[in-house]
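my_file.csv follows; it contains CSV, C-alpha atoms.
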chain,number,residue,atom,x,y,z
A,1,MET,CA,22.6,-37.2,2.5
A,2,LEU,CA,25.5,-35.5,4.3
A,3,ILE,CA,24.5,-32.9,6.9
A,4,PHE,CA,27.0,-30.1,7.0
A,5,ARG,CA,27.2,-27.0,9.1
A,6,GLN,CA,30.1,-24.5,9.3
A,7,LEU,CA,30.1,-22.6,12.7
A,8,PHE,CA,32.3,-19.7,13.8
A,9,ASP,CA,33.8,-18.5,17.0
A,10,ALA,CA,34.5,-14.7,16.6
A,11,PRO,CA,37.0,-14.1,19.4
A,12,SER,CA,39.4,-16.8,18.0
A,13,SER,CA,38.2,-16.7,14.3
A,14,THR,CA,37.9,-20.5,14.6
A,15,TYR,CA,35.7,-22.6,12.4
A,16,THR,CA,33.9,-25.6,13.8
A,17,TYR,CA,32.4,-28.2,11.4
A,18,LEU,CA,29.4,-30.5,12.0
A,19,LEU,CA,29.2,-33.5,9.7
A,20,GLY,CA,26.2,-35.9,10.0
A,21,ASP,CA,24.7,-38.8,8.2
A,22,SER,CA,21.0,-38.0,7.6
A,23,CYS,CA,20.0,-41.7,7.5
A,24,SER,CA,21.5,-42.9,10.8
A,25,GLY,CA,21.6,-39.5,12.6
A,26,GLU,CA,25.2,-40.1,13.6
A,27,ALA,CA,27.6,-37.1,13.5
A,28,VAL,CA,31.1,-35.9,14.2
A,29,LEU,CA,32.3,-32.4,15.1
A,30,ILE,CA,35.6,-31.0,14.0
A,31,ASP,CA,37.5,-28.5,16.1
A,32,PRO,CA,34.9,-27.5,18.8
A,33,VAL,CA,35.6,-24.4,20.9
A,34,PHE,CA,35.2,-24.5,24.7
A,35,GLU,CA,33.1,-21.3,24.9
A,36,GLN,CA,30.7,-22.6,22.1
A,37,VAL,CA,29.9,-26.0,23.6
A,38,ARG,CA,26.4,-24.9,24.6
A,39,ARG,CA,25.7,-23.6,21.1
A,40,ASP,CA,27.0,-26.8,19.4
A,41,ALA,CA,25.1,-29.1,21.7
A,42,ALA,CA,21.9,-27.2,21.0
A,43,LEU,CA,22.4,-27.5,17.2
A,44,ILE,CA,23.1,-31.2,17.5
A,45,HIS,CA,19.9,-31.6,19.6
A,46,GLU,CA,17.8,-29.6,17.3
A,47,LEU,CA,19.0,-31.5,14.2
A,48,ARG,CA,18.2,-34.8,16.1
A,49,LEU,CA,21.8,-36.1,15.7
A,50,LYS,CA,23.9,-38.3,17.9
A,51,LEU,CA,27.4,-37.0,18.3
A,52,LEU,CA,29.7,-39.9,18.1
A,53,CYS,CA,33.1,-38.2,18.2
A,54,THR,CA,34.9,-34.8,18.3
A,55,LEU,CA,37.9,-34.5,16.0
A,56,ASP,CA,40.6,-32.0,16.7
A,57,THR,CA,42.9,-31.1,13.8
A,58,HIS,CA,45.8,-30.3,16.2
A,59,VAL,CA,46.7,-29.0,19.7
A,60,HIS,CA,45.5,-25.4,19.3
A,61,ALA,CA,47.3,-22.4,20.7
A,62,ASP,CA,44.6,-19.8,20.3
A,63,HIS,CA,41.6,-21.4,21.9
A,64,VAL,CA,40.7,-24.4,24.1
A,65,THR,CA,38.9,-27.3,22.5
A,66,GLY,CA,35.3,-28.2,23.6
A,67,ALA,CA,36.0,-31.9,23.3
A,68,TRP,CA,36.0,-32.7,27.0
A,69,LEU,CA,32.9,-30.7,27.7
A,70,LEU,CA,31.0,-32.3,24.8
A,71,LYS,CA,31.9,-35.7,26.1
A,72,GLN,CA,30.4,-34.8,29.5
A,73,ARG,CA,27.2,-33.5,27.8
A,74,THR,CA,26.7,-36.0,25.0
A,75,GLY,CA,28.9,-39.0,25.7
A,76,SER,CA,30.9,-38.4,22.5
A,77,GLN,CA,34.4,-39.8,22.2
A,78,ILE,CA,37.4,-37.6,21.8
A,79,ALA,CA,39.9,-38.1,19.0
A,80,PHE,CA,43.3,-36.5,18.6
A,81,SER,CA,46.4,-37.3,16.6
A,82,ALA,CA,48.6,-40.0,18.1
A,83,ASP,CA,51.5,-37.6,17.5
A,84,SER,CA,49.9,-34.7,19.3
A,85,GLY,CA,51.1,-35.5,22.8
A,86,ALA,CA,47.6,-35.1,24.2
A,87,SER,CA,46.4,-37.3,27.0
A,88,GLY,CA,42.8,-38.3,27.8
A,89,ALA,CA,41.7,-39.0,24.2
A,90,ASP,CA,39.5,-42.1,23.6
A,91,ARG,CA,41.0,-42.6,20.2
A,92,LEU,CA,44.5,-41.7,18.9
A,93,LEU,CA,44.5,-41.2,15.2
A,94,LYS,CA,47.1,-42.2,12.6
A,95,HIS,CA,47.4,-41.5,8.9
A,96,GLY,CA,45.0,-43.7,7.0
A,97,ASP,CA,42.5,-44.2,9.8
A,98,LYS,CA,38.8,-43.8,9.0
A,99,ILE,CA,36.2,-42.3,11.3
A,100,ALA,CA,32.8,-43.6,10.5
A,101,PHE,CA,29.5,-41.9,11.1
A,102,GLY,CA,26.5,-43.8,9.7
A,103,LYS,CA,27.3,-44.8,6.1
A,104,ARG,CA,29.8,-42.0,5.7
A,105,HIS,CA,33.4,-41.7,7.0
A,106,ALA,CA,36.2,-39.2,7.2
A,107,GLU,CA,39.7,-40.3,6.2
A,108,VAL,CA,42.6,-39.2,8.4
A,109,ARG,CA,45.6,-37.7,6.7
A,110,ALA,CA,48.7,-36.7,8.7
A,111,THR,CA,49.7,-33.2,7.7
A,112,PRO,CA,52.4,-32.1,10.1
A,113,GLY,CA,54.2,-28.8,9.9
A,114,HIS,CA,52.2,-26.3,11.9
A,115,THR,CA,52.5,-28.8,14.8
A,116,SER,CA,53.8,-32.3,14.7
A,117,GLY,CA,50.3,-33.7,15.3
A,118,CYS,CA,48.3,-31.9,12.6
A,119,LEU,CA,45.6,-33.8,10.8
A,120,THR,CA,43.5,-33.2,7.8
A,121,TYR,CA,40.1,-34.9,7.5
A,122,VAL,CA,38.9,-35.9,4.0
A,123,ILE,CA,35.2,-36.9,3.4
A,124,ASP,CA,34.8,-40.4,1.8
A,125,ASP,CA,34.0,-39.1,-1.7
A,126,GLN,CA,36.8,-36.6,-1.5
A,127,SER,CA,34.4,-33.7,-2.1
A,128,MET,CA,35.5,-31.9,1.1
A,129,ALA,CA,38.6,-31.7,3.3
A,130,PHE,CA,39.1,-30.0,6.6
A,131,THR,CA,42.6,-28.7,6.8
A,132,GLY,CA,42.9,-27.2,10.3
A,133,ASP,CA,45.8,-24.8,10.4
A,134,CYS,CA,47.9,-26.6,7.9
A,135,LEU,CA,46.4,-24.9,4.8
A,136,LEU,CA,44.3,-21.7,5.2
A,137,ILE,CA,42.6,-19.7,2.4
A,138,ARG,CA,45.5,-18.2,0.5
A,139,GLY,CA,47.8,-18.9,3.4
A,140,CYS,CA,48.9,-21.5,5.9
A,141,GLY,CA,49.5,-21.9,9.6
A,142,ARG,CA,52.7,-20.6,11.1
A,143,THR,CA,55.7,-22.9,11.7
A,144,ASP,CA,57.7,-21.0,14.3
A,145,PHE,CA,56.6,-22.8,17.5
A,146,GLN,CA,55.0,-26.0,18.8
A,147,GLN,CA,57.3,-28.3,16.8
A,148,GLY,CA,56.7,-26.2,13.7
A,149,ASP,CA,58.6,-27.3,10.6
A,150,ALA,CA,58.3,-25.4,7.3
A,151,HIS,CA,59.8,-28.3,5.2
A,152,ALA,CA,57.3,-30.7,6.7
A,153,MET,CA,54.4,-28.4,6.0
A,154,TYR,CA,55.4,-28.0,2.4
A,155,ARG,CA,55.4,-31.7,2.0
A,156,SER,CA,52.1,-32.1,3.8
A,157,VAL,CA,50.3,-29.6,1.6
A,158,ARG,CA,51.9,-30.8,-1.7
A,159,GLU,CA,51.5,-34.5,-1.0
A,160,GLN,CA,48.3,-34.9,1.1
A,161,ILE,CA,46.1,-31.9,0.1
A,162,PHE,CA,47.1,-30.8,-3.4
A,163,THR,CA,46.8,-34.4,-4.6
A,164,LEU,CA,43.1,-34.4,-3.9
A,165,PRO,CA,40.7,-33.8,-6.8
A,166,ALA,CA,40.8,-30.2,-8.1
A,167,ALA,CA,37.2,-29.6,-7.2
A,168,CYS,CA,37.6,-30.8,-3.6
A,169,LEU,CA,36.4,-28.0,-1.3
A,170,LEU,CA,38.8,-27.1,1.5
A,171,TYR,CA,37.6,-25.8,4.8
A,172,PRO,CA,40.3,-24.2,7.1
A,173,GLY,CA,40.5,-24.0,10.8
A,174,HIS,CA,40.5,-20.3,10.8
A,175,ASP,CA,39.9,-17.3,8.6
A,176,TYR,CA,40.5,-13.7,9.7
A,177,ARG,CA,38.8,-12.0,6.7
A,178,GLY,CA,35.4,-13.7,6.7
A,179,LEU,CA,36.2,-16.1,3.9
A,180,THR,CA,34.6,-19.5,4.4
A,181,ALA,CA,36.0,-22.1,1.9
A,182,THR,CA,38.4,-22.6,-1.0
A,183,SER,CA,39.3,-25.5,-3.3
A,184,VAL,CA,42.3,-27.6,-4.2
A,185,GLU,CA,42.4,-26.0,-7.7
A,186,GLU,CA,42.3,-22.5,-6.3
A,187,GLU,CA,45.1,-23.0,-3.7
A,188,ARG,CA,47.3,-24.9,-6.2
A,189,GLY,CA,47.2,-21.9,-8.5
A,190,CYS,CA,46.7,-18.9,-6.2
A,191,ASN,CA,48.1,-19.6,-2.8
A,192,PRO,CA,51.0,-17.1,-2.5
A,193,ARG,CA,53.0,-19.3,-0.1
A,194,LEU,CA,52.5,-22.8,-1.4
A,195,GLY,CA,50.9,-22.6,-4.9
A,196,GLY,CA,52.3,-22.6,-8.4
A,197,ASP,CA,56.0,-23.2,-8.9
A,198,ILE,CA,57.1,-22.1,-5.3
A,199,SER,CA,59.9,-24.4,-4.1
A,200,VAL,CA,60.4,-25.7,-0.6
A,201,ASP,CA,63.3,-23.2,-0.1
A,202,ASP,CA,61.0,-20.3,-1.2
A,203,PHE,CA,58.4,-21.4,1.3
A,204,SER,CA,60.9,-22.0,4.1
A,205,GLY,CA,62.4,-18.5,3.6
A,206,TYR,CA,59.0,-16.9,3.6
A,207,MET,CA,57.9,-18.6,6.8
A,208,LYS,CA,61.3,-17.9,8.6
A,209,ASN,CA,60.8,-14.2,8.2
A,210,MET,CA,57.1,-13.7,9.2
A,211,ASN,CA,58.0,-12.4,12.7
A,212,LEU,CA,54.5,-13.0,14.2
A,213,PRO,CA,53.7,-12.4,17.9
A,214,HIS,CA,52.7,-15.5,19.9
A,215,PRO,CA,49.0,-16.1,20.3
A,216,ARG,CA,47.6,-14.4,23.3
A,217,LYS,CA,46.0,-17.5,24.8
A,218,ILE,CA,48.9,-19.9,24.2
A,219,ASP,CA,49.9,-20.3,27.9
A,220,VAL,CA,46.4,-21.3,28.7
A,221,ALA,CA,45.3,-23.0,25.5
A,222,VAL,CA,48.2,-25.4,24.9
A,223,PRO,CA,48.2,-27.0,28.4
A,224,ALA,CA,44.4,-27.3,28.4
A,225,ASN,CA,44.4,-28.9,24.9
A,226,LEU,CA,47.1,-31.4,25.9
A,227,LYS,CA,44.4,-32.6,28.3
A,228,CYS,CA,41.7,-32.6,25.5
A,229,GLY,CA,40.1,-29.4,26.9
A,230,GLN,CA,39.5,-30.7,30.5
A,231,PRO,CA,39.2,-27.4,32.4
A,232,ALA,CA,41.1,-26.5,35.6
A,233,ALA,CA,38.9,-25.7,38.6
A,234,ASP,CA,39.1,-22.0,37.9
A,235,GLN,CA,38.3,-22.4,34.2
A,236,ALA,CA,35.1,-24.3,34.5
A,237,GLU,CA,32.3,-23.9,32.0
A,238,ALA,CA,29.7,-21.2,32.7
A,239,GLN,CA,27.0,-22.8,34.8
A,240,ASP,CA,23.5,-23.4,33.3
A,241,PRO,CA,20.7,-21.4,35.0
A,242,ARG,CA,19.5,-23.2,38.1
A,243,TRP,CA,16.2,-21.4,38.7
A,244,ALA,CA,14.3,-23.8,36.4
A,245,ASN,CA,14.8,-26.7,34.0
A,246,LEU,CA,15.7,-24.8,30.8
A,247,THR,CA,16.8,-25.7,27.3
A,248,PHE,CA,19.3,-23.6,25.3
A,249,THR,CA,18.5,-23.2,21.6
A,250,PHE,CA,20.8,-22.8,18.7
A,251,GLY,CA,19.3,-19.4,18.3
A,252,GLY,CA,20.8,-18.4,21.6
A,253,ILE,CA,17.7,-18.3,23.7
A,254,TRP,CA,16.9,-20.2,27.0
A,255,GLU,CA,13.5,-21.9,26.8
A,256,ILE,CA,11.2,-23.3,29.4
A,257,GLN,CA,8.6,-26.0,28.7
A,258,PRO,CA,5.0,-25.5,29.9
A,259,GLN,CA,5.1,-28.1,32.6
A,260,ALA,CA,8.3,-26.7,34.0
A,261,LEU,CA,6.8,-23.2,34.1
A,262,GLU,CA,3.7,-24.6,35.9
A,263,GLU,CA,5.9,-26.1,38.6
A,264,LEU,CA,7.5,-22.7,39.3
A,265,ALA,CA,4.2,-21.4,40.5
A,266,ASP,CA,4.8,-17.9,41.9
A,267,ASN,CA,8.6,-18.1,41.8
A,268,ALA,CA,8.8,-16.5,38.3
A,269,GLN,CA,7.0,-13.5,36.7
A,270,VAL,CA,5.3,-14.1,33.4
A,271,ILE,CA,5.4,-11.2,30.9
A,272,ASP,CA,2.8,-11.6,28.1
A,273,VAL,CA,4.0,-9.6,25.1
A,274,ARG,CA,0.9,-10.1,22.9
A,275,GLU,CA,-1.6,-7.3,22.1
A,276,PRO,CA,-4.5,-6.6,24.6
A,277,GLY,CA,-7.0,-8.2,22.3
A,278,GLU,CA,-5.0,-11.5,22.2
A,279,PHE,CA,-4.5,-11.4,26.0
A,280,SER,CA,-8.2,-11.5,26.5
A,281,GLY,CA,-9.0,-13.5,23.3
A,282,ALA,CA,-9.5,-17.1,22.5
A,283,LEU,CA,-6.3,-18.5,23.8
A,284,GLY,CA,-6.7,-16.8,27.2
A,285,HIS,CA,-3.6,-16.1,29.3
A,286,ILE,CA,-1.6,-17.6,32.1
A,287,ARG,CA,-2.8,-16.8,35.6
A,288,GLY,CA,-0.9,-13.9,37.1
A,289,ALA,CA,0.7,-12.9,33.7
A,290,GLN,CA,1.6,-9.2,33.3
A,291,LEU,CA,0.6,-7.8,29.9
A,292,ILE,CA,3.2,-5.6,28.2
A,293,PRO,CA,2.9,-5.7,24.4
A,294,LEU,CA,6.2,-6.2,22.6
A,295,GLY,CA,6.1,-2.7,21.1
A,296,GLU,CA,5.9,-1.2,24.6
A,297,LEU,CA,8.4,-3.5,26.3
A,298,LYS,CA,11.5,-1.4,26.1
A,299,ARG,CA,9.8,1.7,27.4
A,300,ARG,CA,8.0,-0.2,30.2
A,301,ALA,CA,10.9,-2.5,31.3
A,302,GLY,CA,11.1,-0.6,34.6
A,303,GLU,CA,7.7,-2.2,35.5
A,304,ILE,CA,9.3,-5.6,35.6
A,305,SER,CA,11.0,-6.7,38.9
A,306,ARG,CA,14.6,-7.8,38.7
A,307,ASP,CA,14.2,-9.9,41.9
A,308,LYS,CA,12.5,-12.8,40.2
A,309,PRO,CA,13.2,-14.7,37.0
A,310,VAL,CA,11.2,-13.6,34.0
A,311,VAL,CA,9.4,-15.8,31.5
A,312,ALA,CA,8.2,-14.1,28.2
A,313,VAL,CA,5.1,-15.5,26.6
A,314,CYS,CA,3.3,-14.9,23.3
A,315,ARG,CA,1.1,-16.9,20.9
A,316,SER,CA,3.7,-19.1,19.4
A,317,GLY,CA,7.0,-18.2,21.1
A,318,ALA,CA,8.4,-16.0,18.3
A,319,ARG,CA,7.6,-12.6,19.6
A,320,SER,CA,8.5,-13.6,23.2
A,321,ALA,CA,12.0,-14.8,21.9
A,322,GLN,CA,12.5,-11.3,20.7
A,323,ALA,CA,11.3,-10.0,24.1
A,324,VAL,CA,14.0,-12.1,25.8
A,325,VAL,CA,16.7,-10.5,23.7
A,326,MET,CA,15.3,-7.0,24.4
A,327,LEU,CA,15.3,-7.7,28.1
A,328,GLN,CA,18.8,-9.0,28.0
A,329,GLN,CA,19.8,-5.7,26.5
A,330,GLU,CA,18.2,-4.0,29.4
A,331,GLY,CA,20.3,-5.9,31.8
A,332,PHE,CA,17.9,-8.6,33.0
A,333,LYS,CA,19.7,-11.9,33.8
A,334,ASP,CA,17.3,-14.7,34.6
A,335,LEU,CA,15.2,-14.9,31.5
A,336,ALA,CA,13.5,-17.6,29.5
A,337,ASN,CA,11.1,-17.9,26.6
A,338,LEU,CA,8.0,-20.1,26.9
A,339,ALA,CA,8.6,-22.8,24.3
A,340,GLY,CA,5.7,-22.9,21.8
A,341,GLY,CA,3.9,-20.0,23.5
A,342,MET,CA,0.2,-20.1,24.5
A,343,LEU,CA,-0.5,-22.6,21.7
A,344,ARG,CA,1.6,-25.3,23.3
A,345,TRP,CA,0.5,-24.2,26.8
A,346,ARG,CA,-3.1,-24.8,25.8
A,347,ALA,CA,-2.3,-28.0,23.9
A,348,GLU,CA,-0.6,-29.5,27.0
A,349,GLY,CA,-3.6,-28.8,29.1
A,350,CYS,CA,-2.1,-26.2,31.4
A,351,GLU,CA,-4.4,-23.9,33.3
A,352,VAL,CA,-5.5,-20.7,31.6
A,353,GLU,CA,-7.6,-17.7,32.6
A,354,GLY,CA,-10.2,-16.6,30.0
A,355,GLY,CA,-10.2,-17.9,26.5
A,356,ARG,CA,-12.5,-20.4,24.9
A,357,GLU,CA,-12.5,-24.2,24.7
Turn the structure described in the file into structure tokens.
Amino acid sequence: MLIFRQLFDAPSSTYTYLLGDSCSGEAVLIDPVFEQVRRDAALIHELRLKLLCTLDTHVHADHVTGAWLLKQRTGSQIAFSADSGASGADRLLKHGDKIAFGKRHAEVRATPGHTSGCLTYVIDDQSMAFTGDCLLIRGCGRTDFQQGDAHAMYRSVREQIFTLPAACLLYPGHDYRGLTATSVEEERGCNPRLGGDISVDDFSGYMKNMNLPHPRKIDVAVPANLKCGQPAADQAEAQDPRWANLTFTFGGIWEIQPQALEELADNAQVIDVREPGEFSGALGHIRGAQLIPLGELKRRAGEISRDKPVVAVCRSGARSAQAVVMLQQEGFKDLANLAGGMLRWRAEGCEVEGGRE
């Protein structure tokens, strides 16, 4: 079975796509975003996948790719078009190449026009295609910079995308209206720039007169993407917290495992957000924990010191995850949720006060 996830970066309106083979656990990631690498790595870890490769559809001008950072975190390879001009890729892709992940593969189709190195990735059964900025939902990428060529884009769409099966779902690199997917049949008939009986001259004239401003990040994004997203010294990835060995979840919460919390001893403050009856009940509580029930947390946040990291605890880790979000909103910085709550704390034999065997 194919594992598929569509992810979104709001500042750049960029879609990132995770494709995995459920049998082998192997996966590829299309168009990762630099600022979302932590999120993407967390999802790959939680789905128990091995990231083999990142696939960029082109050299982006509106965001920096996360390819280089993901290679550092996961050991994944970096793939770019051989015509992109990018340096540092592990694999330079050409039309007709296949990228395998488990028993599945993505076929590479060269679709220049937005840039000279644009690629579309087509799943092996031609049920899905990832068009980058070549074809958008009821639109297309611009052709007025970065080797843009309206005639080339027209041919790319008509010959490489519109020739796919009518039911093939198309997933773009961006959408600015919240739309998520379209199909070959829809775009053939309804795309106002490229569908129906529109000629190459019609399309070229349309694109020549769009008069769009250049992307705001172009001066940073293009040079960085020509190096596969390797950051300059002053553009380094935000550092992970160093006060403990923490894990970032796809839900956006930092978690700490029971053994790691035990090792912190008195260097963190534990806030137990259960009800009083639970705090003194069968599961007991962590030595030195401060009881502030979740319903009182916002009102009593001033009782929590900002000079030490805070670990939120509950029975299973659900309420305490909410507590972490609430404390973030109150301006606390060094925060973590106890993974699995008191249930896991007890199961791993960590010390408790009170409770029953």
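Excluding range 184-191 of chain A itself and same-chain residues fewer than 4 positions from it, the residues having an atom within 8 Å of it are A:Ile137, A:Arg138, A:Gly139, A:Ile161, A:Phe162, A:Leu164, A:Pro165, A:Ala166, A:Ala167, A:Cys168, A:Leu169, A:Leu170, A:Gly195, A:Gly196, counting all atoms listed in the file.
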>> Need to verify the contact set: Ile271 in chain A, 12 Å, only C-alpha atoms, exclusion of same-chain residues closer than 5 positions in sequence. Can you return it as a PyMOL selection string?
In response: chain A and resi 279+285-294+296-297+300-301+303-305+308-314+319-321+323-324+327+335-338+341
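Of the residues listed (A:Cys350, A:Ile253, A:Leu51, A:Ala181), A:Ile253 shows the shortest atom-to-atom separation from Met326 in chain A; distances use only C-alpha atoms.
Closest to Tyr15 in chain A among A:Gly277, A:Gly117, A:Pro241, A:Gly178 is A:Gly178, based on only C-alpha atoms.
Once range 42-48 of chain A and its same-chain neighbours fewer than 4 positions away are set aside, Gly25, Arg38, Phe248, Thr249 and Phe250 of chain A remain within 8 Å of it when counting all atoms listed in the file.
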>> Applying 9 Å and all atoms listed in the file, which residues near range 1-8 of chain A remain after dropping the ones on its own chain fewer than 2 positions away? List them as a list in words.
In response: Ala10, Ser12, Ser13, Thr14, Tyr15, Thr16, Tyr17, Leu18, Leu19, Gly20, Asp21, Ser22, Cys23, Ala27, Gln36, Asp40, Arg104, Tyr171, His174 and Thr180 of chain A
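Here CA of Phe34 in chain A and CA of Cys228 in chain A stand 10.4 Å from one another.
Omitting His60 in chain A and its sequence neighbours fewer than 5 positions away, and counting all atoms listed in the file, the residues within 8 Å are A:Thr65, A:Ala221, A:Val222, A:Asn225.
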> Which value, in Å to one decimal, gives the distance between CA of Gly354 in chain A and CA of Gly284 in chain A?
Replying inline: 4.5 Å
>> I'd like to know which of A:Arg39, A:His151, A:Arg242, A:Arg306 is closest to Gln328 in chain A, using all atoms listed in the file.
In response: A:Arg306
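Among the candidate residues A:Glu26, A:Asp133, A:Glu263, A:Asp202, the one lying nearest to Thr57 in chain A is A:Asp133, with distances computed using only C-alpha atoms.
Between CA of Asp62 in chain A and CA of Lys98 in chain A the separation is 27.2 Å.
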Can I get range 209-229 of chain A with N, CA and C atoms filled in, as a compact mmCIF listing (two decimals), in the coordinates of the input?
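The resulting file, out_2.txt, is reproduced below:
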# COMPACT_ATOMS: atom_id res chain seq x y z
N ASN A 209 60.72 -15.63 8.06
CA ASN A 209 60.80 -14.20 8.20
C ASN A 209 59.43 -13.54 8.47
N MET A 210 58.46 -14.29 8.99
CA MET A 210 57.10 -13.70 9.20
C MET A 210 57.09 -12.85 10.50
N ASN A 211 57.90 -13.21 11.52
CA ASN A 211 58.00 -12.40 12.70
C ASN A 211 56.65 -12.10 13.39
N LEU A 212 55.85 -13.13 13.61
CA LEU A 212 54.50 -13.00 14.20
C LEU A 212 54.60 -13.03 15.73
N PRO A 213 53.76 -12.27 16.43
CA PRO A 213 53.70 -12.40 17.90
C PRO A 213 53.03 -13.75 18.25
N HIS A 214 53.36 -14.26 19.42
CA HIS A 214 52.70 -15.50 19.90
C HIS A 214 51.25 -15.27 20.14
N PRO A 215 50.41 -16.28 19.94
CA PRO A 215 49.00 -16.10 20.30
C PRO A 215 48.79 -15.73 21.73
N ARG A 216 47.81 -14.89 21.97
CA ARG A 216 47.60 -14.40 23.30
C ARG A 216 47.22 -15.44 24.31
N LYS A 217 46.52 -16.48 23.86
CA LYS A 217 46.00 -17.50 24.80
C LYS A 217 46.94 -18.74 24.87
N ILE A 218 48.12 -18.66 24.29
CA ILE A 218 48.90 -19.90 24.20
C ILE A 218 49.26 -20.51 25.51
N ASP A 219 49.52 -19.70 26.55
CA ASP A 219 49.90 -20.30 27.90
C ASP A 219 48.76 -20.99 28.53
N VAL A 220 47.53 -20.65 28.17
CA VAL A 220 46.40 -21.30 28.70
C VAL A 220 45.90 -22.45 27.77
N ALA A 221 45.86 -22.13 26.47
CA ALA A 221 45.30 -23.00 25.50
C ALA A 221 46.07 -24.33 25.33
N VAL A 222 47.38 -24.24 25.18
CA VAL A 222 48.20 -25.40 24.90
C VAL A 222 48.10 -26.43 26.05
N PRO A 223 48.33 -26.03 27.31
CA PRO A 223 48.20 -27.00 28.40
C PRO A 223 46.82 -27.64 28.49
N ALA A 224 45.78 -26.82 28.30
CA ALA A 224 44.40 -27.30 28.40
C ALA A 224 44.14 -28.32 27.22
N ASN A 225 44.63 -28.00 26.03
CA ASN A 225 44.40 -28.90 24.90
C ASN A 225 45.18 -30.15 24.94
N LEU A 226 46.31 -30.13 25.65
CA LEU A 226 47.10 -31.40 25.90
C LEU A 226 46.32 -32.31 26.79
N LYS A 227 45.26 -31.80 27.46
CA LYS A 227 44.40 -32.60 28.30
C LYS A 227 42.98 -32.72 27.61
N CYS A 228 42.93 -32.50 26.31
CA CYS A 228 41.70 -32.60 25.50
C CYS A 228 40.62 -31.62 25.97
N GLY A 229 41.06 -30.50 26.55
CA GLY A 229 40.10 -29.40 26.90
C GLY A 229 39.53 -29.58 28.30
